[in-house]
file protein.json (JSON, C-alpha atoms)
[["chain", "number", "residue", "atom", "x", "y", "z"],
["A", 1, "MET", "CA", -36.82, 42.17, -103.37],
["A", 2, "GLU", "CA", -33.85, 39.80, -103.24],
["A", 3, "ILE", "CA", -34.15, 36.11, -104.10],
["A", 4, "SER", "CA", -32.09, 33.81, -101.90],
["A", 5, "CYS", "CA", -32.06, 30.11, -101.12],
["A", 6, "ALA", "CA", -31.76, 27.90, -98.06],
["A", 7, "PHE", "CA", -30.64, 24.33, -97.70],
["A", 8, "ALA", "CA", -31.38, 21.56, -95.25],
["A", 9, "THR", "CA", -27.64, 21.30, -94.77],
["A", 10, "SER", "CA", -26.30, 18.16, -96.44],
["A", 11, "LEU", "CA", -22.91, 16.84, -97.47],
["A", 12, "ASP", "CA", -23.61, 18.36, -100.91],
["A", 13, "SER", "CA", -24.85, 21.80, -99.83],
["A", 14, "HIS", "CA", -21.54, 23.50, -100.62],
["A", 15, "GLU", "CA", -21.91, 22.37, -104.24],
["A", 16, "HIS", "CA", -25.55, 23.46, -104.29],
["A", 17, "ALA", "CA", -24.45, 26.90, -103.07],
["A", 18, "ARG", "CA", -22.06, 27.08, -106.02],
["A", 19, "ILE", "CA", -24.91, 26.26, -108.40],
["A", 20, "ALA", "CA", -27.14, 28.85, -106.70],
["A", 21, "GLU", "CA", -24.46, 31.51, -107.14],
["A", 22, "GLY", "CA", -24.34, 30.80, -110.87],
["A", 23, "LEU", "CA", -28.12, 31.17, -111.05],
["A", 24, "GLY", "CA", -28.03, 34.61, -109.42],
["A", 25, "TYR", "CA", -29.30, 33.86, -105.92],
["A", 26, "GLU", "CA", -28.34, 36.58, -103.44],
["A", 27, "ARG", "CA", -27.62, 34.38, -100.42],
["A", 28, "ALA", "CA", -27.45, 30.75, -99.40],
["A", 29, "TRP", "CA", -28.66, 30.08, -95.88],
["A", 30, "PHE", "CA", -27.82, 26.72, -94.26],
["A", 31, "PHE", "CA", -30.12, 25.14, -91.67],
["A", 32, "ASP", "CA", -28.67, 24.28, -88.27],
["A", 33, "SER", "CA", -30.08, 21.10, -86.70],
["A", 34, "PRO", "CA", -27.33, 18.75, -85.50],
["A", 35, "ALA", "CA", -29.65, 15.78, -85.01],
["A", 36, "LEU", "CA", -30.54, 15.92, -88.70],
["A", 37, "TYR", "CA", -27.76, 17.59, -90.68],
["A", 38, "PRO", "CA", -23.95, 17.85, -90.78],
["A", 39, "ASP", "CA", -22.21, 20.71, -89.00],
["A", 40, "VAL", "CA", -23.52, 23.97, -90.40],
["A", 41, "TRP", "CA", -20.30, 25.96, -90.00],
["A", 42, "MET", "CA", -18.12, 23.34, -91.67],
["A", 43, "GLN", "CA", -20.46, 23.23, -94.65],
["A", 44, "LEU", "CA", -20.65, 27.03, -94.85],
["A", 45, "CYS", "CA", -16.86, 27.19, -94.96],
["A", 46, "ARG", "CA", -16.78, 24.54, -97.70],
["A", 47, "ALA", "CA", -19.30, 26.65, -99.62],
["A", 48, "GLY", "CA", -17.10, 29.70, -99.10],
["A", 49, "GLU", "CA", -14.20, 27.93, -100.76],
["A", 50, "ARG", "CA", -16.32, 27.13, -103.84],
["A", 51, "THR", "CA", -18.00, 30.50, -104.37],
["A", 52, "ASP", "CA", -17.02, 34.10, -105.07],
["A", 53, "ARG", "CA", -20.08, 36.30, -104.54],
["A", 54, "ILE", "CA", -23.08, 34.67, -102.90],
["A", 55, "GLY", "CA", -23.84, 35.59, -99.29],
["A", 56, "LEU", "CA", -23.55, 32.81, -96.72],
["A", 57, "GLY", "CA", -24.90, 32.26, -93.24],
["A", 58, "PRO", "CA", -26.68, 29.91, -90.87],
["A", 59, "GLY", "CA", -30.44, 30.15, -90.87],
["A", 60, "VAL", "CA", -30.78, 29.87, -87.98],
["A", 61, "VAL", "CA", -28.42, 28.94, -85.13],
["A", 62, "VAL", "CA", -29.94, 28.04, -81.78],
["A", 63, "PRO", "CA", -28.19, 29.48, -78.69],
["A", 64, "ALA", "CA", -28.77, 26.36, -76.59],
["A", 65, "LEU", "CA", -26.60, 24.32, -78.95],
["A", 66, "ARG", "CA", -23.37, 26.31, -78.60],
["A", 67, "HIS", "CA", -21.54, 28.54, -76.14],
["A", 68, "PRO", "CA", -21.45, 32.10, -77.57],
["A", 69, "MET", "CA", -17.66, 31.90, -77.88],
["A", 70, "VAL", "CA", -18.02, 28.86, -80.15],
["A", 71, "THR", "CA", -20.39, 30.81, -82.38],
["A", 72, "ALA", "CA", -18.18, 33.91, -82.38],
["A", 73, "ALA", "CA", -15.16, 31.82, -83.38],
["A", 74, "ALA", "CA", -17.17, 30.10, -86.13],
["A", 75, "ILE", "CA", -18.36, 33.44, -87.52],
["A", 76, "ALA", "CA", -14.79, 34.73, -87.46],
["A", 77, "THR", "CA", -13.58, 31.67, -89.36],
["A", 78, "LEU", "CA", -16.19, 32.11, -92.09],
["A", 79, "VAL", "CA", -15.38, 35.83, -92.30],
["A", 80, "SER", "CA", -11.70, 34.97, -92.75],
["A", 81, "LEU", "CA", -12.63, 32.92, -95.83],
["A", 82, "VAL", "CA", -15.18, 35.14, -97.57],
["A", 83, "GLY", "CA", -15.05, 38.56, -95.91],
["A", 84, "PRO", "CA", -17.62, 40.18, -93.63],
["A", 85, "GLU", "CA", -19.61, 41.59, -96.54],
["A", 86, "ARG", "CA", -20.75, 38.07, -97.52],
["A", 87, "VAL", "CA", -21.70, 36.83, -94.05],
["A", 88, "ALA", "CA", -25.03, 37.15, -92.23],
["A", 89, "VAL", "CA", -26.10, 35.24, -89.14],
["A", 90, "GLY", "CA", -29.60, 34.05, -88.29],
["A", 91, "VAL", "CA", -30.39, 33.25, -84.65],
["A", 92, "GLY", "CA", -33.61, 31.74, -83.30],
["A", 93, "SER", "CA", -35.19, 30.03, -80.32],
["A", 94, "GLY", "CA", -35.16, 26.58, -81.89],
["A", 95, "PHE", "CA", -37.62, 24.56, -83.98],
["A", 96, "SER", "CA", -36.11, 21.30, -85.24],
["A", 97, "GLY", "CA", -32.77, 22.28, -83.69],
["A", 98, "ARG", "CA", -34.38, 21.84, -80.26],
["A", 99, "LEU", "CA", -37.43, 19.66, -80.89],
["A", 100, "ALA", "CA", -35.40, 16.90, -82.55],
["A", 101, "LEU", "CA", -33.45, 16.68, -79.29],
["A", 102, "GLY", "CA", -36.63, 16.33, -77.26],
["A", 103, "ARG", "CA", -36.44, 19.88, -75.95],
["A", 104, "ARG", "CA", -38.70, 22.91, -76.38],
["A", 105, "PRO", "CA", -37.61, 26.25, -77.85],
["A", 106, "ILE", "CA", -35.66, 28.45, -75.44],
["A", 107, "PRO", "CA", -37.09, 31.70, -73.99],
["A", 108, "TRP", "CA", -36.69, 34.78, -76.16],
["A", 109, "SER", "CA", -34.84, 36.58, -73.39],
["A", 110, "GLN", "CA", -32.06, 34.01, -73.78],
["A", 111, "VAL", "CA", -31.93, 34.61, -77.53],
["A", 112, "ALA", "CA", -31.54, 38.34, -76.96],
["A", 113, "ASP", "CA", -28.78, 37.85, -74.38],
["A", 114, "TYR", "CA", -26.96, 35.46, -76.69],
["A", 115, "ILE", "CA", -26.98, 37.87, -79.62],
["A", 116, "ARG", "CA", -25.75, 40.71, -77.43],
["A", 117, "VAL", "CA", -22.84, 38.64, -76.16],
["A", 118, "VAL", "CA", -21.80, 37.27, -79.57],
["A", 119, "LYS", "CA", -21.90, 40.78, -81.03],
["A", 120, "ALA", "CA", -19.80, 42.09, -78.15],
["A", 121, "LEU", "CA", -17.22, 39.34, -78.63],
["A", 122, "LEU", "CA", -16.97, 40.10, -82.34],
["A", 123, "ARG", "CA", -16.42, 43.78, -81.53],
["A", 124, "GLY", "CA", -13.43, 42.73, -79.45],
["A", 125, "GLU", "CA", -15.10, 43.49, -76.13],
["A", 126, "ARG", "CA", -15.29, 41.48, -72.94],
["A", 127, "ALA", "CA", -18.69, 40.07, -72.03],
["A", 128, "ASP", "CA", -20.31, 38.27, -69.12],
["A", 129, "TRP", "CA", -21.68, 34.79, -69.76],
["A", 130, "ASP", "CA", -22.69, 32.09, -67.32],
["A", 131, "GLY", "CA", -20.97, 33.85, -64.45],
["A", 132, "ALA", "CA", -17.64, 34.40, -66.21],
["A", 133, "VAL", "CA", -15.97, 37.19, -68.18],
["A", 134, "ILE", "CA", -15.09, 36.07, -71.71],
["A", 135, "GLU", "CA", -13.21, 37.67, -74.59],
["A", 136, "MET", "CA", -11.90, 36.60, -78.00],
["A", 137, "LEU", "CA", -8.19, 36.19, -77.29],
["A", 138, "HIS", "CA", -7.32, 35.19, -80.86],
["A", 139, "GLN", "CA", -4.06, 36.69, -82.09],
["A", 140, "ALA", "CA", -3.09, 37.40, -85.70],
["A", 141, "GLY", "CA", -3.31, 34.24, -87.75],
["A", 142, "PHE", "CA", -6.00, 32.73, -85.52],
["A", 143, "ALA", "CA", -8.96, 35.00, -86.40],
["A", 144, "PRO", "CA", -9.52, 38.27, -88.25],
["A", 145, "SER", "CA", -8.77, 41.37, -86.22],
["A", 146, "ARG", "CA", -11.67, 42.79, -84.27],
["A", 147, "PRO", "CA", -14.10, 44.42, -84.65],
["A", 148, "ILE", "CA", -15.87, 41.98, -86.95],
["A", 149, "GLU", "CA", -19.14, 43.48, -88.15],
["A", 150, "VAL", "CA", -21.77, 41.16, -89.63],
["A", 151, "PRO", "CA", -25.57, 41.49, -89.58],
["A", 152, "PHE", "CA", -27.73, 39.34, -87.32],
["A", 153, "LEU", "CA", -31.28, 38.35, -88.27],
["A", 154, "VAL", "CA", -33.66, 37.00, -85.66],
["A", 155, "GLY", "CA", -35.75, 34.01, -86.72],
["A", 156, "ALA", "CA", -39.18, 35.06, -85.49],
["A", 157, "GLN", "CA", -42.86, 35.23, -86.36],
["A", 158, "GLY", "CA", -44.71, 35.98, -83.12],
["A", 159, "PRO", "CA", -44.70, 39.21, -81.11],
["A", 160, "LYS", "CA", -42.00, 38.22, -78.60],
["A", 161, "GLY", "CA", -39.51, 37.19, -81.26],
["A", 162, "VAL", "CA", -40.30, 40.19, -83.43],
["A", 163, "ALA", "CA", -39.68, 42.45, -80.43],
["A", 164, "VAL", "CA", -36.25, 40.84, -79.93],
["A", 165, "ALA", "CA", -35.50, 41.36, -83.63],
["A", 166, "GLY", "CA", -36.26, 45.04, -83.25],
["A", 167, "GLU", "CA", -34.22, 45.28, -80.07],
["A", 168, "VAL", "CA", -30.98, 43.45, -80.89],
["A", 169, "GLY", "CA", -31.22, 42.30, -84.51],
["A", 170, "ASP", "CA", -30.42, 43.87, -87.85],
["A", 171, "GLY", "CA", -33.47, 42.28, -89.41],
["A", 172, "VAL", "CA", -35.96, 39.46, -89.11],
["A", 173, "PHE", "CA", -36.11, 35.97, -90.64],
["A", 174, "SER", "CA", -39.67, 34.63, -90.76],
["A", 175, "GLY", "CA", -42.01, 32.24, -92.50],
["A", 176, "PRO", "CA", -44.37, 31.54, -94.11],
["A", 177, "VAL", "CA", -45.44, 35.21, -94.18],
["A", 178, "ALA", "CA", -43.24, 38.28, -94.01],
["A", 179, "VAL", "CA", -42.89, 40.46, -90.93],
["A", 180, "PRO", "CA", -43.39, 44.08, -92.04],
["A", 181, "GLY", "CA", -41.66, 47.12, -90.62],
["A", 182, "PHE", "CA", -38.05, 45.98, -90.97],
["A", 183, "GLY", "CA", -35.43, 47.24, -93.39],
["A", 184, "TRP", "CA", -34.36, 43.62, -93.80],
["A", 185, "SER", "CA", -37.23, 41.15, -93.67],
["A", 186, "ALA", "CA", -36.32, 37.71, -95.01],
["A", 187, "VAL", "CA", -39.12, 35.19, -95.41],
["A", 188, "MET", "CA", -38.86, 31.45, -96.04],
["A", 189, "THR", "CA", -40.84, 29.77, -98.78],
["A", 190, "TYR", "CA", -41.03, 26.11, -99.73],
["A", 191, "GLY", "CA", -42.25, 24.00, -102.60],
["A", 192, "THR", "CA", -41.66, 23.20, -106.24],
["A", 193, "VAL", "CA", -42.30, 24.74, -109.65],
["A", 194, "LEU", "CA", -44.70, 22.55, -111.60],
["A", 195, "GLU", "CA", -44.09, 21.68, -115.23],
["A", 196, "ASP", "CA", -46.81, 22.61, -117.74],
["A", 197, "GLY", "CA", -49.81, 20.41, -117.00],
["A", 198, "GLU", "CA", -48.14, 18.64, -114.09],
["A", 199, "ASP", "CA", -50.40, 17.44, -111.29],
["A", 200, "PRO", "CA", -49.48, 18.74, -107.81],
["A", 201, "GLY", "CA", -49.82, 15.15, -106.65],
["A", 202, "SER", "CA", -47.30, 13.79, -109.13],
["A", 203, "GLU", "CA", -44.52, 11.60, -107.78],
["A", 204, "ARG", "CA", -41.96, 14.28, -108.67],
["A", 205, "ALA", "CA", -43.89, 17.11, -106.99],
["A", 206, "LEU", "CA", -44.46, 15.11, -103.81],
["A", 207, "ALA", "CA", -40.77, 14.19, -103.67],
["A", 208, "ALA", "CA", -39.72, 17.83, -104.14],
["A", 209, "ALA", "CA", -42.29, 19.56, -101.93],
["A", 210, "GLY", "CA", -43.90, 16.98, -99.65],
["A", 211, "HIS", "CA", -41.28, 17.55, -96.96],
["A", 212, "ALA", "CA", -42.55, 21.12, -96.57],
["A", 213, "ALA", "CA", -46.14, 20.04, -96.02],
["A", 214, "GLY", "CA", -44.79, 17.57, -93.48],
["A", 215, "MET", "CA", -43.03, 20.43, -91.71],
["A", 216, "VAL", "CA", -46.34, 22.31, -91.41],
["A", 217, "GLY", "CA", -47.85, 19.16, -89.93],
["A", 218, "HIS", "CA", -45.00, 18.85, -87.45],
["A", 219, "PHE", "CA", -45.48, 22.45, -86.36],
["A", 220, "ALA", "CA", -49.23, 21.91, -85.98],
["A", 221, "VAL", "CA", -48.73, 18.83, -83.82],
["A", 222, "GLU", "CA", -45.83, 20.17, -81.73],
["A", 223, "PHE", "CA", -47.56, 23.45, -80.91],
["A", 224, "GLY", "CA", -51.16, 22.28, -80.67],
["A", 225, "GLN", "CA", -52.37, 24.15, -83.76],
["A", 226, "LEU", "CA", -54.06, 21.20, -85.44],
["A", 227, "ASP", "CA", -56.40, 23.37, -87.49],
["A", 228, "LEU", "CA", -53.44, 24.48, -89.62],
["A", 229, "VAL", "CA", -53.75, 21.33, -91.72],
["A", 230, "PRO", "CA", -56.68, 19.18, -92.87],
["A", 231, "SER", "CA", -57.24, 16.14, -90.66],
["A", 232, "GLY", "CA", -54.88, 17.66, -88.11],
["A", 233, "ARG", "CA", -56.20, 15.52, -85.27],
["A", 234, "ASP", "CA", -55.82, 12.35, -87.30],
["A", 235, "TRP", "CA", -52.31, 13.45, -88.23],
["A", 236, "ALA", "CA", -51.41, 13.92, -84.57],
["A", 237, "ALA", "CA", -52.99, 10.56, -83.73],
["A", 238, "ALA", "CA", -50.71, 8.85, -86.25],
["A", 239, "TYR", "CA", -47.90, 9.28, -83.72],
["A", 240, "ASP", "CA", -49.88, 7.89, -80.77],
["A", 241, "ALA", "CA", -48.39, 4.42, -81.19],
["A", 242, "VAL", "CA", -44.88, 5.80, -80.73],
["A", 243, "PRO", "CA", -43.72, 5.83, -77.08],
["A", 244, "ARG", "CA", -43.80, 9.40, -75.84],
["A", 245, "GLU", "CA", -40.09, 9.43, -75.04],
["A", 246, "HIS", "CA", -39.32, 8.50, -78.66],
["A", 247, "ARG", "CA", -42.00, 10.56, -80.41],
["A", 248, "HIS", "CA", -39.74, 13.50, -81.24],
["A", 249, "LEU", "CA", -37.38, 11.11, -83.03],
["A", 250, "ALA", "CA", -40.17, 9.68, -85.17],
["A", 251, "MET", "CA", -41.65, 13.07, -85.99],
["A", 252, "HIS", "CA", -38.42, 14.73, -87.04],
["A", 253, "GLU", "CA", -36.97, 11.90, -89.09],
["A", 254, "GLY", "CA", -36.43, 13.43, -92.53],
["A", 255, "HIS", "CA", -37.58, 16.86, -91.32],
["A", 256, "LEU", "CA", -37.36, 19.31, -94.25],
["A", 257, "VAL", "CA", -35.76, 16.60, -96.36],
["A", 258, "ALA", "CA", -38.38, 13.94, -97.12],
["A", 259, "ILE", "CA", -41.83, 12.69, -96.11],
["A", 260, "ASN", "CA", -41.63, 10.23, -93.24],
["A", 261, "SER", "CA", -43.87, 7.19, -93.00],
["A", 262, "TYR", "CA", -46.18, 8.75, -90.39],
["A", 263, "ASP", "CA", -46.82, 11.86, -92.48],
["A", 264, "ARG", "CA", -47.15, 10.18, -95.86],
["A", 265, "PRO", "CA", -50.91, 9.42, -95.71],
["A", 266, "PHE", "CA", -51.65, 13.11, -95.06],
["A", 267, "VAL", "CA", -49.31, 14.71, -97.60],
["A", 268, "THR", "CA", -51.19, 14.90, -100.89],
["A", 269, "GLY", "CA", -51.23, 17.01, -104.00],
["A", 270, "ASP", "CA", -54.36, 18.73, -102.71],
["A", 271, "LEU", "CA", -52.50, 19.72, -99.54],
["A", 272, "LEU", "CA", -49.50, 21.02, -101.50],
["A", 273, "GLU", "CA", -51.84, 23.07, -103.67],
["A", 274, "ALA", "CA", -53.76, 24.43, -100.67],
["A", 275, "LEU", "CA", -50.51, 25.46, -98.95],
["A", 276, "GLY", "CA", -49.19, 27.16, -102.09],
["A", 277, "MET", "CA", -46.26, 24.75, -102.35],
["A", 278, "ALA", "CA", -46.87, 23.32, -105.82],
["A", 279, "LEU", "CA", -47.38, 26.11, -108.33],
["A", 280, "GLY", "CA", -46.59, 26.89, -111.93],
["A", 281, "PRO", "CA", -44.22, 29.76, -112.79],
["A", 282, "ALA", "CA", -47.04, 32.32, -112.93],
["A", 283, "GLY", "CA", -48.39, 31.14, -109.59],
["A", 284, "TRP", "CA", -44.96, 31.54, -107.99],
["A", 285, "ARG", "CA", -44.58, 35.05, -109.38],
["A", 286, "GLU", "CA", -47.96, 35.95, -107.91],
["A", 287, "LYS", "CA", -46.95, 34.48, -104.55],
["A", 288, "LEU", "CA", -43.64, 36.39, -104.55],
["A", 289, "ALA", "CA", -45.45, 39.63, -105.36],
["A", 290, "LEU", "CA", -47.77, 39.08, -102.39],
["A", 291, "LEU", "CA", -44.81, 38.41, -100.09],
["A", 292, "GLU", "CA", -43.18, 41.64, -101.22],
["A", 293, "GLN", "CA", -46.41, 43.55, -100.68],
["A", 294, "GLY", "CA", -46.50, 42.05, -97.18],
["A", 295, "GLY", "CA", -43.13, 43.56, -96.31],
["A", 296, "ALA", "CA", -40.56, 41.02, -97.48],
["A", 297, "THR", "CA", -37.24, 42.42, -98.68],
["A", 298, "GLU", "CA", -35.77, 38.94, -99.29],
["A", 299, "VAL", "CA", -37.45, 35.67, -100.21],
["A", 300, "VAL", "CA", -35.54, 32.57, -99.16],
["A", 301, "TYR", "CA", -36.48, 29.47, -101.14],
["A", 302, "GLN", "CA", -35.65, 25.98, -99.89],
["A", 303, "PRO", "CA", -35.18, 23.45, -102.71],
["A", 304, "ALA", "CA", -35.47, 19.80, -101.76],
["A", 305, "GLY", "CA", -35.98, 16.34, -103.17],
["A", 306, "PRO", "CA", -33.76, 14.19, -105.37],
["A", 307, "ASP", "CA", -32.88, 16.94, -107.88],
["A", 308, "ILE", "CA", -31.98, 20.13, -106.01],
["A", 309, "PRO", "CA", -30.24, 21.72, -109.04],
["A", 310, "ARG", "CA", -33.51, 21.38, -110.97],
["A", 311, "GLU", "CA", -35.44, 23.04, -108.14],
["A", 312, "LEU", "CA", -32.96, 25.92, -107.96],
["A", 313, "GLU", "CA", -33.05, 26.43, -111.71],
["A", 314, "THR", "CA", -36.83, 26.38, -112.12],
["A", 315, "PHE", "CA", -37.45, 28.65, -109.13],
["A", 316, "ALA", "CA", -34.87, 31.18, -110.32],
["A", 317, "ALA", "CA", -36.46, 31.18, -113.77],
["A", 318, "ALA", "CA", -39.96, 31.59, -112.33],
["A", 319, "ALA", "CA", -38.84, 34.46, -110.09],
["A", 320, "ARG", "CA", -37.20, 36.27, -112.99],
["A", 321, "GLY", "CA", -40.28, 35.85, -115.14]]

call {"tool": "encode", "arguments": {"input": "protein.json", "output": "structure tokens"}}
result
Amino acid sequence: MEISCAFATSLDSHEHARIAEGLGYERAWFFDSPALYPDVWMQLCRAGERTDRIGLGPGVVVPALRHPMVTAAAIATLVSLVGPERVAVGVGSGFSGRLALGRRPIPWSQVADYIRVVKALLRGERADWDGAVIEMLHQAGFAPSRPIEVPFLVGAQGPKGVAVAGEVGDGVFSGPVAVPGFGWSAVMTYGTVLEDGEDPGSERALAAAGHAAGMVGHFAVEFGQLDLVPSGRDWAAAYDAVPREHRHLAMHEGHLVAINSYDRPFVTGDLLEALGMALGPAGWREKLALLEQGGATEVVYQPAGPDIPRELETFAAAARG
């Protein structure tokens, strides 16, 4: 099983990808959520200029945010820098990428159509989109020659998304549990490696992993699955004072980066421990083994908090044993 990393794309993520490469991570995936993070493709290209081996790709792009030609041109640009063998592309229906804009995830049929069209464009074919025929017209010096072959993973967990992954994808990108039955099954994991004797509720652990517990709370509230977290109804009620038209802004402030003020009372060391997000090295190795047994071929770890190099280093060491 491969060990990769993912970043809530920041202005420093290209440097963090360089550090991850030195630590032996297989790939560095960059999150795509324009309301929260800088442009994913610009940061991937900056990472490409600083690295020599590590795989790079967005995890995951949301079709509603970009015309397929924009995505095809972005993929081609990254390929021109690092080669197709280092590029993989995740595509999904939209979690924070849509919800932070006050919109719901798009239908899976649209995800499938989008992937088909982007793949066709990269092969050098003409494709139909939005009532028009489109084609990559880039000449030499403006994009690599076609065909451009890179793998596409579909960000999915439920049956509809998994079906799309099997239909048009080259693999699946899931979380928090692996989707079995795929030759390439990447699964996200979040949290921090505890020091010997460190309390899961320590200030350091909460700063490094609390964002992930907050993300679970956001998912529970947004999709009406309040039993996913303790005091789920109280957690949802914490946002009641926010005007409905502004609620998505309050909820997604700091999403996958830090604990916001609404979530803070509910994010505790006990919650991190219960969610398997604050573990010692042995606990992480046990968790990774279970993910592999569940069908994962790649674990994608998101480091966070004020010391991302520390999180990358300790997770890599724990994974190696």

call {"tool": "residues_around", "arguments": {"input": "protein.json", "residues": "Glu203 (chain A)", "least_positions_apart": "3", "cutoff": "12 Å", "atoms": "only C-alpha atoms", "output": "NGL selection string"}}
result
:A and (194 or 198-200 or 206-210 or 267-269 or 305-306)

call {"tool": "residues_around", "arguments": {"input": "protein.json", "residues": "Gly158 (chain A)", "least_positions_apart": "2", "cutoff": "12 Å", "atoms": "only C-alpha atoms", "output": "ChimeraX atom specification"}}
result
/A:92-93,108,154-156,160-165,172-179

call {"tool": "closest_residue", "arguments": {"input": "protein.json", "among": "A:Ala64, A:His138, A:Asp196, A:Met215", "to": "Glu253 (chain A)", "atoms": "only C-alpha atoms"}}
result
A:Met215

call {"tool": "closest_residue", "arguments": {"input": "protein.json", "among": "A:Leu228, A:Ala319, A:Ser202, A:Pro243", "to": "Asp270 (chain A)", "atoms": "only C-alpha atoms"}}
result
A:Ser202

call {"tool": "residues_around", "arguments": {"input": "protein.json", "residues": "Leu153 (chain A)", "least_positions_apart": "6", "cutoff": "12 Å", "atoms": "only C-alpha atoms", "output": "JSON, numbers by chain"}}
result
{"A": [29, 57, 58, 59, 60, 61, 87, 88, 89, 90, 91, 92, 111, 112, 115, 161, 162, 164, 165, 166, 167, 168, 169, 170, 171, 172, 173, 174, 182, 183, 184, 185, 186, 187, 298]}
